[in-house]
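One file, model_39.pdb, is given below (PDB, C-alpha atoms and all ligand atoms).
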```pdb
ATOM      1  CA  MET A  12     118.885   1.271  83.173  1.00  0.00           C
ATOM      2  CA  THR A  13     120.214   2.911  86.182  1.00  0.00           C
ATOM      3  CA  LYS A  14     122.397   5.447  87.743  1.00  0.00           C
ATOM      4  CA  ILE A  15     124.236   3.632  90.452  1.00  0.00           C
ATOM      5  CA  THR A  16     123.663   4.564  94.004  1.00  0.00           C
ATOM      6  CA  ILE A  17     126.642   4.022  96.194  1.00  0.00           C
ATOM      7  CA  LYS A  18     125.890   3.950  99.851  1.00  0.00           C
ATOM      8  CA  LEU A  19     127.511   2.779 102.980  1.00  0.00           C
ATOM      9  CA  ILE A  20     125.771  -0.306 104.182  1.00  0.00           C
ATOM     10  CA  SER A  21     124.441  -1.098 107.570  1.00  0.00           C
ATOM     11  CA  LEU A  22     125.455  -4.234 109.399  1.00  0.00           C
ATOM     12  CA  ILE A  23     121.969  -5.598 108.949  1.00  0.00           C
ATOM     13  CA  LEU A  24     122.643  -6.042 105.273  1.00  0.00           C
ATOM     14  CA  LEU A  25     125.427  -8.460 106.090  1.00  0.00           C
ATOM     15  CA  LEU A  26     123.252 -10.928 107.920  1.00  0.00           C
ATOM     16  CA  GLY A  27     122.331 -14.119 106.183  1.00  0.00           C
ATOM     17  CA  SER A  28     124.217 -13.297 103.060  1.00  0.00           C
ATOM     18  CA  SER A  29     127.158 -14.847 101.321  1.00  0.00           C
ATOM     19  CA  TYR A  30     129.042 -11.588 101.681  1.00  0.00           C
ATOM     20  CA  LEU A  31     131.012 -13.142 104.460  1.00  0.00           C
ATOM     21  CA  ILE A  32     133.334 -14.608 101.850  1.00  0.00           C
ATOM     22  CA  GLY A  33     134.811 -11.169 102.044  1.00  0.00           C
ATOM     23  CA  GLU A  34     135.955  -8.273 100.052  1.00  0.00           C
ATOM     24  CA  ARG A  35     139.552  -9.358  99.830  1.00  0.00           C
ATOM     25  CA  SER A  36     138.765 -12.375  97.707  1.00  0.00           C
ATOM     26  CA  LEU A  37     136.796 -10.309  95.238  1.00  0.00           C
ATOM     27  CA  ASN A  38     139.644  -7.889  94.863  1.00  0.00           C
ATOM     28  CA  ALA A  39     141.464 -10.701  93.114  1.00  0.00           C
ATOM     29  CA  LEU A  40     139.129 -10.024  90.243  1.00  0.00           C
ATOM     30  CA  THR A  41     141.401  -7.825  88.212  1.00  0.00           C
ATOM     31  CA  ASN A  42     140.398  -5.817  85.207  1.00  0.00           C
ATOM     32  CA  ASP A  43     141.996  -8.254  82.802  1.00  0.00           C
ATOM     33  CA  ARG A  44     139.713 -11.051  83.795  1.00  0.00           C
ATOM     34  CA  LEU A  45     136.663  -9.111  82.732  1.00  0.00           C
ATOM     35  CA  LYS A  46     137.887  -8.072  79.333  1.00  0.00           C
ATOM     36  CA  LEU A  47     135.848  -9.106  76.352  1.00  0.00           C
ATOM     37  CA  GLU A  48     138.799 -10.174  74.215  1.00  0.00           C
ATOM     38  CA  TYR A  49     138.492 -13.777  75.256  1.00  0.00           C
ATOM     39  CA  PHE A  50     134.929 -13.847  74.008  1.00  0.00           C
ATOM     40  CA  HIS A  51     135.656 -12.028  70.797  1.00  0.00           C
ATOM     41  CA  GLU A  52     137.199 -15.241  69.558  1.00  0.00           C
ATOM     42  CA  THR A  53     133.808 -16.887  69.373  1.00  0.00           C
ATOM     43  CA  PRO A  54     131.175 -14.166  69.292  1.00  0.00           C
ATOM     44  CA  VAL A  55     128.684 -16.147  67.262  1.00  0.00           C
ATOM     45  CA  ASN A  56     128.743 -18.999  69.742  1.00  0.00           C
ATOM     46  CA  ASN A  57     127.469 -16.832  72.540  1.00  0.00           C
ATOM     47  CA  LEU A  58     123.728 -16.790  72.942  1.00  0.00           C
ATOM     48  CA  LYS A  59     121.790 -13.571  73.148  1.00  0.00           C
ATOM     49  CA  CYS A  60     118.646 -12.791  75.103  1.00  0.00           C
ATOM     50  CA  THR A  61     116.830 -12.891  71.795  1.00  0.00           C
ATOM     51  CA  ASP A  62     118.062 -16.493  71.304  1.00  0.00           C
ATOM     52  CA  GLN A  63     117.615 -17.888  74.786  1.00  0.00           C
ATOM     53  CA  PRO A  64     116.038 -15.468  77.255  1.00  0.00           C
ATOM     54  CA  LEU A  65     115.988 -18.006  80.080  1.00  0.00           C
ATOM     55  CA  ILE A  66     119.754 -17.546  80.465  1.00  0.00           C
ATOM     56  CA  ALA A  67     118.685 -14.697  82.746  1.00  0.00           C
ATOM     57  CA  ASN A  68     117.637 -17.261  85.341  1.00  0.00           C
ATOM     58  CA  GLU A  69     121.121 -18.768  85.393  1.00  0.00           C
ATOM     59  CA  MET A  70     122.547 -15.294  85.781  1.00  0.00           C
ATOM     60  CA  ILE A  71     120.364 -14.671  88.808  1.00  0.00           C
ATOM     61  CA  ALA A  72     121.337 -18.023  90.324  1.00  0.00           C
ATOM     62  CA  ILE A  73     125.059 -17.386  89.888  1.00  0.00           C
ATOM     63  CA  GLY A  74     124.642 -13.796  91.040  1.00  0.00           C
ATOM     64  CA  LYS A  75     123.050 -14.979  94.269  1.00  0.00           C
ATOM     65  CA  ILE A  76     125.956 -17.309  94.992  1.00  0.00           C
ATOM     66  CA  LEU A  77     128.326 -14.416  94.360  1.00  0.00           C
ATOM     67  CA  GLY A  78     126.384 -12.271  96.802  1.00  0.00           C
ATOM     68  CA  VAL A  79     124.085 -10.198  94.598  1.00  0.00           C
ATOM     69  CA  LYS A  80     120.596  -9.861  95.973  1.00  0.00           C
ATOM     70  CA  PHE A  81     117.690  -9.948  93.569  1.00  0.00           C
ATOM     71  CA  MET A  82     114.085  -8.934  93.988  1.00  0.00           C
ATOM     72  CA  ARG A  83     110.973  -8.173  91.995  1.00  0.00           C
ATOM     73  CA  GLY A  84     109.232  -4.989  92.989  1.00  0.00           C
ATOM     74  CA  ARG A  85     109.551  -1.315  92.545  1.00  0.00           C
ATOM     75  CA  PRO A  86     112.941  -0.294  91.140  1.00  0.00           C
ATOM     76  CA  LEU A  87     114.727   2.300  93.201  1.00  0.00           C
ATOM     77  CA  MET A  88     114.677   4.946  90.497  1.00  0.00           C
ATOM     78  CA  GLU A  89     111.551   6.527  89.137  1.00  0.00           C
ATOM     79  CA  GLY A  90     110.717   5.448  85.621  1.00  0.00           C
ATOM     80  CA  LYS A  91     113.212   2.591  85.473  1.00  0.00           C
ATOM     81  CA  ASP A  92     112.330  -1.059  84.946  1.00  0.00           C
ATOM     82  CA  ALA A  93     115.367  -2.281  86.818  1.00  0.00           C
ATOM     83  CA  THR A  94     118.088  -0.919  89.054  1.00  0.00           C
ATOM     84  CA  TYR A  95     121.305  -2.098  90.623  1.00  0.00           C
ATOM     85  CA  LYS A  96     122.151  -0.572  93.946  1.00  0.00           C
ATOM     86  CA  ALA A  97     125.885  -0.869  94.462  1.00  0.00           C
ATOM     87  CA  LEU A  98     127.014  -0.948  98.055  1.00  0.00           C
ATOM     88  CA  HIS A  99     130.403   0.200  99.240  1.00  0.00           C
ATOM     89  CA  GLY A 100     132.569  -2.855  99.773  1.00  0.00           C
ATOM     90  CA  ARG A 101     129.779  -5.316  99.039  1.00  0.00           C
ATOM     91  CA  LEU A 102     127.845  -6.546  96.071  1.00  0.00           C
ATOM     92  CA  GLY A 103     124.439  -4.961  95.957  1.00  0.00           C
ATOM     93  CA  LEU A 104     120.819  -5.367  95.039  1.00  0.00           C
ATOM     94  CA  ILE A 105     119.101  -5.758  91.688  1.00  0.00           C
ATOM     95  CA  THR A 106     115.456  -4.764  91.666  1.00  0.00           C
ATOM     96  CA  LEU A 107     113.366  -5.746  88.675  1.00  0.00           C
ATOM     97  CA  SER A 108     109.962  -4.218  88.054  1.00  0.00           C
ATOM     98  CA  ASP A 109     107.080  -6.582  88.652  1.00  0.00           C
ATOM     99  CA  ARG A 110     105.144  -5.276  85.675  1.00  0.00           C
ATOM    100  CA  ALA A 111     104.337  -7.782  82.939  1.00  0.00           C
ATOM    101  CA  MET A 112     107.116  -8.089  80.361  1.00  0.00           C
ATOM    102  CA  SER A 113     108.278 -10.524  77.717  1.00  0.00           C
ATOM    103  CA  GLU A 114     111.028 -13.018  78.522  1.00  0.00           C
ATOM    104  CA  VAL A 115     113.365 -11.235  76.129  1.00  0.00           C
ATOM    105  CA  VAL A 116     112.815  -7.832  77.735  1.00  0.00           C
ATOM    106  CA  ARG A 117     113.266  -9.359  81.175  1.00  0.00           C
ATOM    107  CA  CYS A 118     116.502 -10.999  80.037  1.00  0.00           C
ATOM    108  CA  LYS A 119     117.874  -7.736  78.663  1.00  0.00           C
ATOM    109  CA  LEU A 120     117.002  -5.838  81.828  1.00  0.00           C
ATOM    110  CA  ILE A 121     118.693  -8.466  83.972  1.00  0.00           C
ATOM    111  CA  THR A 122     121.741  -8.665  81.717  1.00  0.00           C
ATOM    112  CA  HIS A 123     121.983  -4.879  81.819  1.00  0.00           C
ATOM    113  CA  GLU A 124     122.023  -4.832  85.607  1.00  0.00           C
ATOM    114  CA  PHE A 125     124.546  -7.666  85.806  1.00  0.00           C
ATOM    115  CA  ILE A 126     126.856  -5.649  83.561  1.00  0.00           C
ATOM    116  CA  HIS A 127     126.719  -3.031  86.320  1.00  0.00           C
ATOM    117  CA  VAL A 128     127.557  -5.820  88.785  1.00  0.00           C
ATOM    118  CA  LEU A 129     130.635  -6.669  86.701  1.00  0.00           C
ATOM    119  CA  GLN A 130     131.565  -2.974  86.674  1.00  0.00           C
ATOM    120  CA  HIS A 131     131.208  -2.953  90.442  1.00  0.00           C
ATOM    121  CA  LEU A 132     133.551  -5.953  90.705  1.00  0.00           C
ATOM    122  CA  ASN A 133     135.875  -4.170  88.326  1.00  0.00           C
ATOM    123  CA  GLY A 134     135.912  -1.223  90.704  1.00  0.00           C
ATOM    124  CA  ASP A 135     136.935  -3.531  93.565  1.00  0.00           C
ATOM    125  CA  LEU A 136     133.488  -2.871  95.055  1.00  0.00           C
ATOM    126  CA  LYS A 137     134.542   0.659  95.900  1.00  0.00           C
ATOM    127  CA  GLY A 138     133.094   2.148  92.772  1.00  0.00           C
ATOM    128  CA  VAL A 139     131.441   1.179  89.526  1.00  0.00           C
ATOM    129  CA  LYS A 140     134.166   1.200  86.929  1.00  0.00           C
ATOM    130  CA  PRO A 141     133.632   0.733  83.182  1.00  0.00           C
ATOM    131  CA  LEU A 142     134.923  -2.583  81.867  1.00  0.00           C
ATOM    132  CA  GLY A 143     136.551  -1.017  78.843  1.00  0.00           C
ATOM    133  CA  TRP A 144     134.249  -2.791  76.404  1.00  0.00           C
ATOM    134  CA  VAL A 145     134.095  -1.287  72.955  1.00  0.00           C
ATOM    135  CA  VAL A 146     130.983   0.795  72.328  1.00  0.00           C
ATOM    136  CA  PRO A 147     129.898   2.617  69.166  1.00  0.00           C
ATOM    137  CA  GLN A 148     130.791   6.228  68.754  1.00  0.00           C
ATOM    138  CA  GLY A 149     128.219   8.510  70.306  1.00  0.00           C
ATOM    139  CA  SER A 150     127.166   5.960  72.926  1.00  0.00           C
ATOM    140  CA  LEU A 151     128.607   7.906  75.817  1.00  0.00           C
ATOM    141  CA  LYS A 152     126.632  10.953  74.886  1.00  0.00           C
ATOM    142  CA  ARG A 153     123.525   8.949  74.130  1.00  0.00           C
ATOM    143  CA  PHE A 154     123.512   6.972  77.373  1.00  0.00           C
ATOM    144  CA  GLY A 155     125.094   9.548  79.646  1.00  0.00           C
ATOM    145  CA  SER A 156     128.097   7.640  80.951  1.00  0.00           C
ATOM    146  CA  ALA A 157     130.595   4.943  79.995  1.00  0.00           C
ATOM    147  CA  GLN A 158     128.926   2.617  82.510  1.00  0.00           C
ATOM    148  CA  GLU A 159     125.495   3.034  80.964  1.00  0.00           C
ATOM    149  CA  ALA A 160     126.869   2.852  77.434  1.00  0.00           C
ATOM    150  CA  GLU A 161     128.392  -0.578  78.127  1.00  0.00           C
ATOM    151  CA  ALA A 162     125.239  -1.787  79.834  1.00  0.00           C
ATOM    152  CA  TYR A 163     122.909  -0.666  77.044  1.00  0.00           C
ATOM    153  CA  VAL A 164     125.109  -1.714  74.152  1.00  0.00           C
ATOM    154  CA  TYR A 165     125.705  -5.213  75.534  1.00  0.00           C
ATOM    155  CA  GLN A 166     122.414  -5.908  77.273  1.00  0.00           C
ATOM    156  CA  ASN A 167     121.431  -8.530  74.701  1.00  0.00           C
ATOM    157  CA  ASN A 168     124.664 -10.487  75.293  1.00  0.00           C
ATOM    158  CA  ALA A 169     123.346 -12.756  77.999  1.00  0.00           C
ATOM    159  CA  GLU A 170     125.715 -15.695  77.650  1.00  0.00           C
ATOM    160  CA  ILE A 171     128.848 -13.548  77.668  1.00  0.00           C
ATOM    161  CA  VAL A 172     127.722 -11.849  80.858  1.00  0.00           C
ATOM    162  CA  LEU A 173     126.831 -15.225  82.374  1.00  0.00           C
ATOM    163  CA  LYS A 174     130.305 -16.548  81.531  1.00  0.00           C
ATOM    164  CA  LEU A 175     131.922 -13.538  83.159  1.00  0.00           C
ATOM    165  CA  LEU A 176     129.829 -14.044  86.274  1.00  0.00           C
ATOM    166  CA  LEU A 177     130.895 -17.697  86.343  1.00  0.00           C
ATOM    167  CA  ARG A 178     134.481 -16.560  86.014  1.00  0.00           C
ATOM    168  CA  ALA A 179     134.022 -14.137  88.896  1.00  0.00           C
ATOM    169  CA  LEU A 180     132.568 -16.979  90.936  1.00  0.00           C
ATOM    170  CA  SER A 181     135.464 -19.308  90.211  1.00  0.00           C
ATOM    171  CA  ILE A 182     137.909 -16.589  91.226  1.00  0.00           C
ATOM    172  CA  GLN A 183     135.957 -16.051  94.407  1.00  0.00           C
ATOM    173  CA  GLN A 184     135.995 -19.784  95.173  1.00  0.00           C
ATOM    174  CA  GLU A 185     139.735 -20.002  94.459  1.00  0.00           C
ATOM    175  CA  ALA A 186     140.349 -17.210  96.916  1.00  0.00           C
ATOM    176  CA  VAL A 187     138.310 -18.939  99.603  1.00  0.00           C
ATOM    177  CA  ASN A 188     139.893 -22.369  99.218  1.00  0.00           C
TER     178      ASN A 188
HETATM  179 ZN    ZN A 201     122.100   0.991  83.704  1.00  0.00          ZN
END
```
Show this structure as structure tokens.
Amino acid sequence: MTKITIKLISLILLLGSSYLIGERSLNALTNDRLKLEYFHETPVNNLKCTDQPLIANEMIAIGKILGVKFMRGRPLMEGKDATYKALHGRLGLITLSDRAMSEVVRCKLITHEFIHVLQHLNGDLKGVKPLGWVVPQGSLKRFGSAQEAEAYVYQNNAEIVLKLLLRALSIQQEAVN
């Protein structure tokens, strides 16, 4: 949904968060680990938002452990139902509109923003780098950027995104231990 805002963070944003695990460990998350190829082997086995919208809750839970903040409220960009604010060197903040919405819509919005989180990890938290996922021709033009094209095209693919977040978490834990 969003253009990503990259900002330097203040020290206050570090307090009370799991960011202290550190940037170095997350840098171990190389591009290869976020490729879709692994999942292409079993595409039909991966649940979509339209199958099981409550997967979004697991995504939020895993995201929080990783260091992504999540809140309901007013998204940071006018006219958007959700935004991800990427911070330089740190995982950022997802804001989801508090307007009434169906579970499926909510799931897609959350999946969309977590795709931006994966792109942020892919950019070593210094930028938001496309994952290299295949998108239909014309998507770049339609959605304005490679980042948005990936997020819109795959926003129904909740379980795949959840699995990638779990993978990111396991890499982060490996690096800490
Ligand atoms: Zn977006």
Top pick for closest residue to ligand ZN 201 (chain A), considering A:Ile66, A:Leu151, A:Leu104, A:Ala160 and counting only C-alpha atoms and all ligand atoms: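 Among A:Ile66, A:Leu151, A:Leu104, A:Ala160, it is A:Ala160 that comes nearest to ligand ZN 201 (chain A).
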Can you translate the PyMOL selection byres (((not hetatm)) within 10 of (chain A and resi 201)) into the concrete residues it hits in this file, as a PDB file with C-alpha atoms, keeping the file's coordinate frame?
```pdb
ATOM      1  CA  MET A  12     118.885   1.271  83.173  1.00  0.00           C
ATOM      2  CA  THR A  13     120.214   2.911  86.182  1.00  0.00           C
ATOM      3  CA  LYS A  14     122.397   5.447  87.743  1.00  0.00           C
ATOM      4  CA  ILE A  15     124.236   3.632  90.452  1.00  0.00           C
ATOM      5  CA  LYS A  91     113.212   2.591  85.473  1.00  0.00           C
ATOM      6  CA  ALA A  93     115.367  -2.281  86.818  1.00  0.00           C
ATOM      7  CA  THR A  94     118.088  -0.919  89.054  1.00  0.00           C
ATOM      8  CA  TYR A  95     121.305  -2.098  90.623  1.00  0.00           C
ATOM      9  CA  LEU A 120     117.002  -5.838  81.828  1.00  0.00           C
ATOM     10  CA  THR A 122     121.741  -8.665  81.717  1.00  0.00           C
ATOM     11  CA  HIS A 123     121.983  -4.879  81.819  1.00  0.00           C
ATOM     12  CA  GLU A 124     122.023  -4.832  85.607  1.00  0.00           C
ATOM     13  CA  PHE A 125     124.546  -7.666  85.806  1.00  0.00           C
ATOM     14  CA  ILE A 126     126.856  -5.649  83.561  1.00  0.00           C
ATOM     15  CA  HIS A 127     126.719  -3.031  86.320  1.00  0.00           C
ATOM     16  CA  PHE A 154     123.512   6.972  77.373  1.00  0.00           C
ATOM     17  CA  GLY A 155     125.094   9.548  79.646  1.00  0.00           C
ATOM     18  CA  SER A 156     128.097   7.640  80.951  1.00  0.00           C
ATOM     19  CA  GLN A 158     128.926   2.617  82.510  1.00  0.00           C
ATOM     20  CA  GLU A 159     125.495   3.034  80.964  1.00  0.00           C
ATOM     21  CA  ALA A 160     126.869   2.852  77.434  1.00  0.00           C
ATOM     22  CA  GLU A 161     128.392  -0.578  78.127  1.00  0.00           C
ATOM     23  CA  ALA A 162     125.239  -1.787  79.834  1.00  0.00           C
ATOM     24  CA  TYR A 163     122.909  -0.666  77.044  1.00  0.00           C
ATOM     25  CA  GLN A 166     122.414  -5.908  77.273  1.00  0.00           C
TER      26      GLN A 166
END
```
Any idea what the distance is between atom CA of Arg85 of chain A and atom CA of Ala111 of chain A? 12.7 Å
Determine the residue set returned by the PyMOL selection byres (((chain A and resi 180) around 10) and not hetatm) for the present structure, and present it as a ChimeraX atom specification. /A:37,40,73-74,76-78,174-179,181-186
Hits of the PyMOL selection byres (((chain A and resi 110) around 12) and not hetatm) in this structure, as an MDAnalysis selection string: chainID A and resid 83:86 91:93 106:109 111:113 116:117
Between atom CA of His131 of chain A and atom CA of Ala157 of chain A, what is the spacing in Å?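 Separation between atom CA of Ala157 of chain A and atom CA of His131 of chain A: 13.1 Å.
Taking all atoms listed in the file into account, Leu173 of chain A lies nearest to A:Ala72 out of the set A:Leu136, A:Asn56, A:Thr61, A:Ala72.
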Who sits within 7 Å of Gly103 of chain A, only C-alpha atoms, same chain under 3 positions skipped, as an mmCIF file with C-alpha atoms, in the coordinates of the input:
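selection-v2.cif, freshly written:
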```cif
data_model
loop_
_atom_site.group_PDB
_atom_site.id
_atom_site.type_symbol
_atom_site.label_atom_id
_atom_site.label_comp_id
_atom_site.auth_asym_id
_atom_site.auth_seq_id
_atom_site.Cartn_x
_atom_site.Cartn_y
_atom_site.Cartn_z
ATOM 1 C CA VAL A 79 124.085 -10.198 94.598
ATOM 2 C CA LYS A 80 120.596 -9.861 95.973
ATOM 3 C CA TYR A 95 121.305 -2.098 90.623
ATOM 4 C CA LYS A 96 122.151 -0.572 93.946
ATOM 5 C CA ALA A 97 125.885 -0.869 94.462
ATOM 6 C CA LEU A 98 127.014 -0.948 98.055
#
```
Selected residue, from A:Val146, A:Met70, A:Val115, A:Leu65, that lies nearest to Val128 of chain A when counting all atoms listed in the file: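 Of the candidates, the smallest distance to Val128 of chain A is held by A:Met70.
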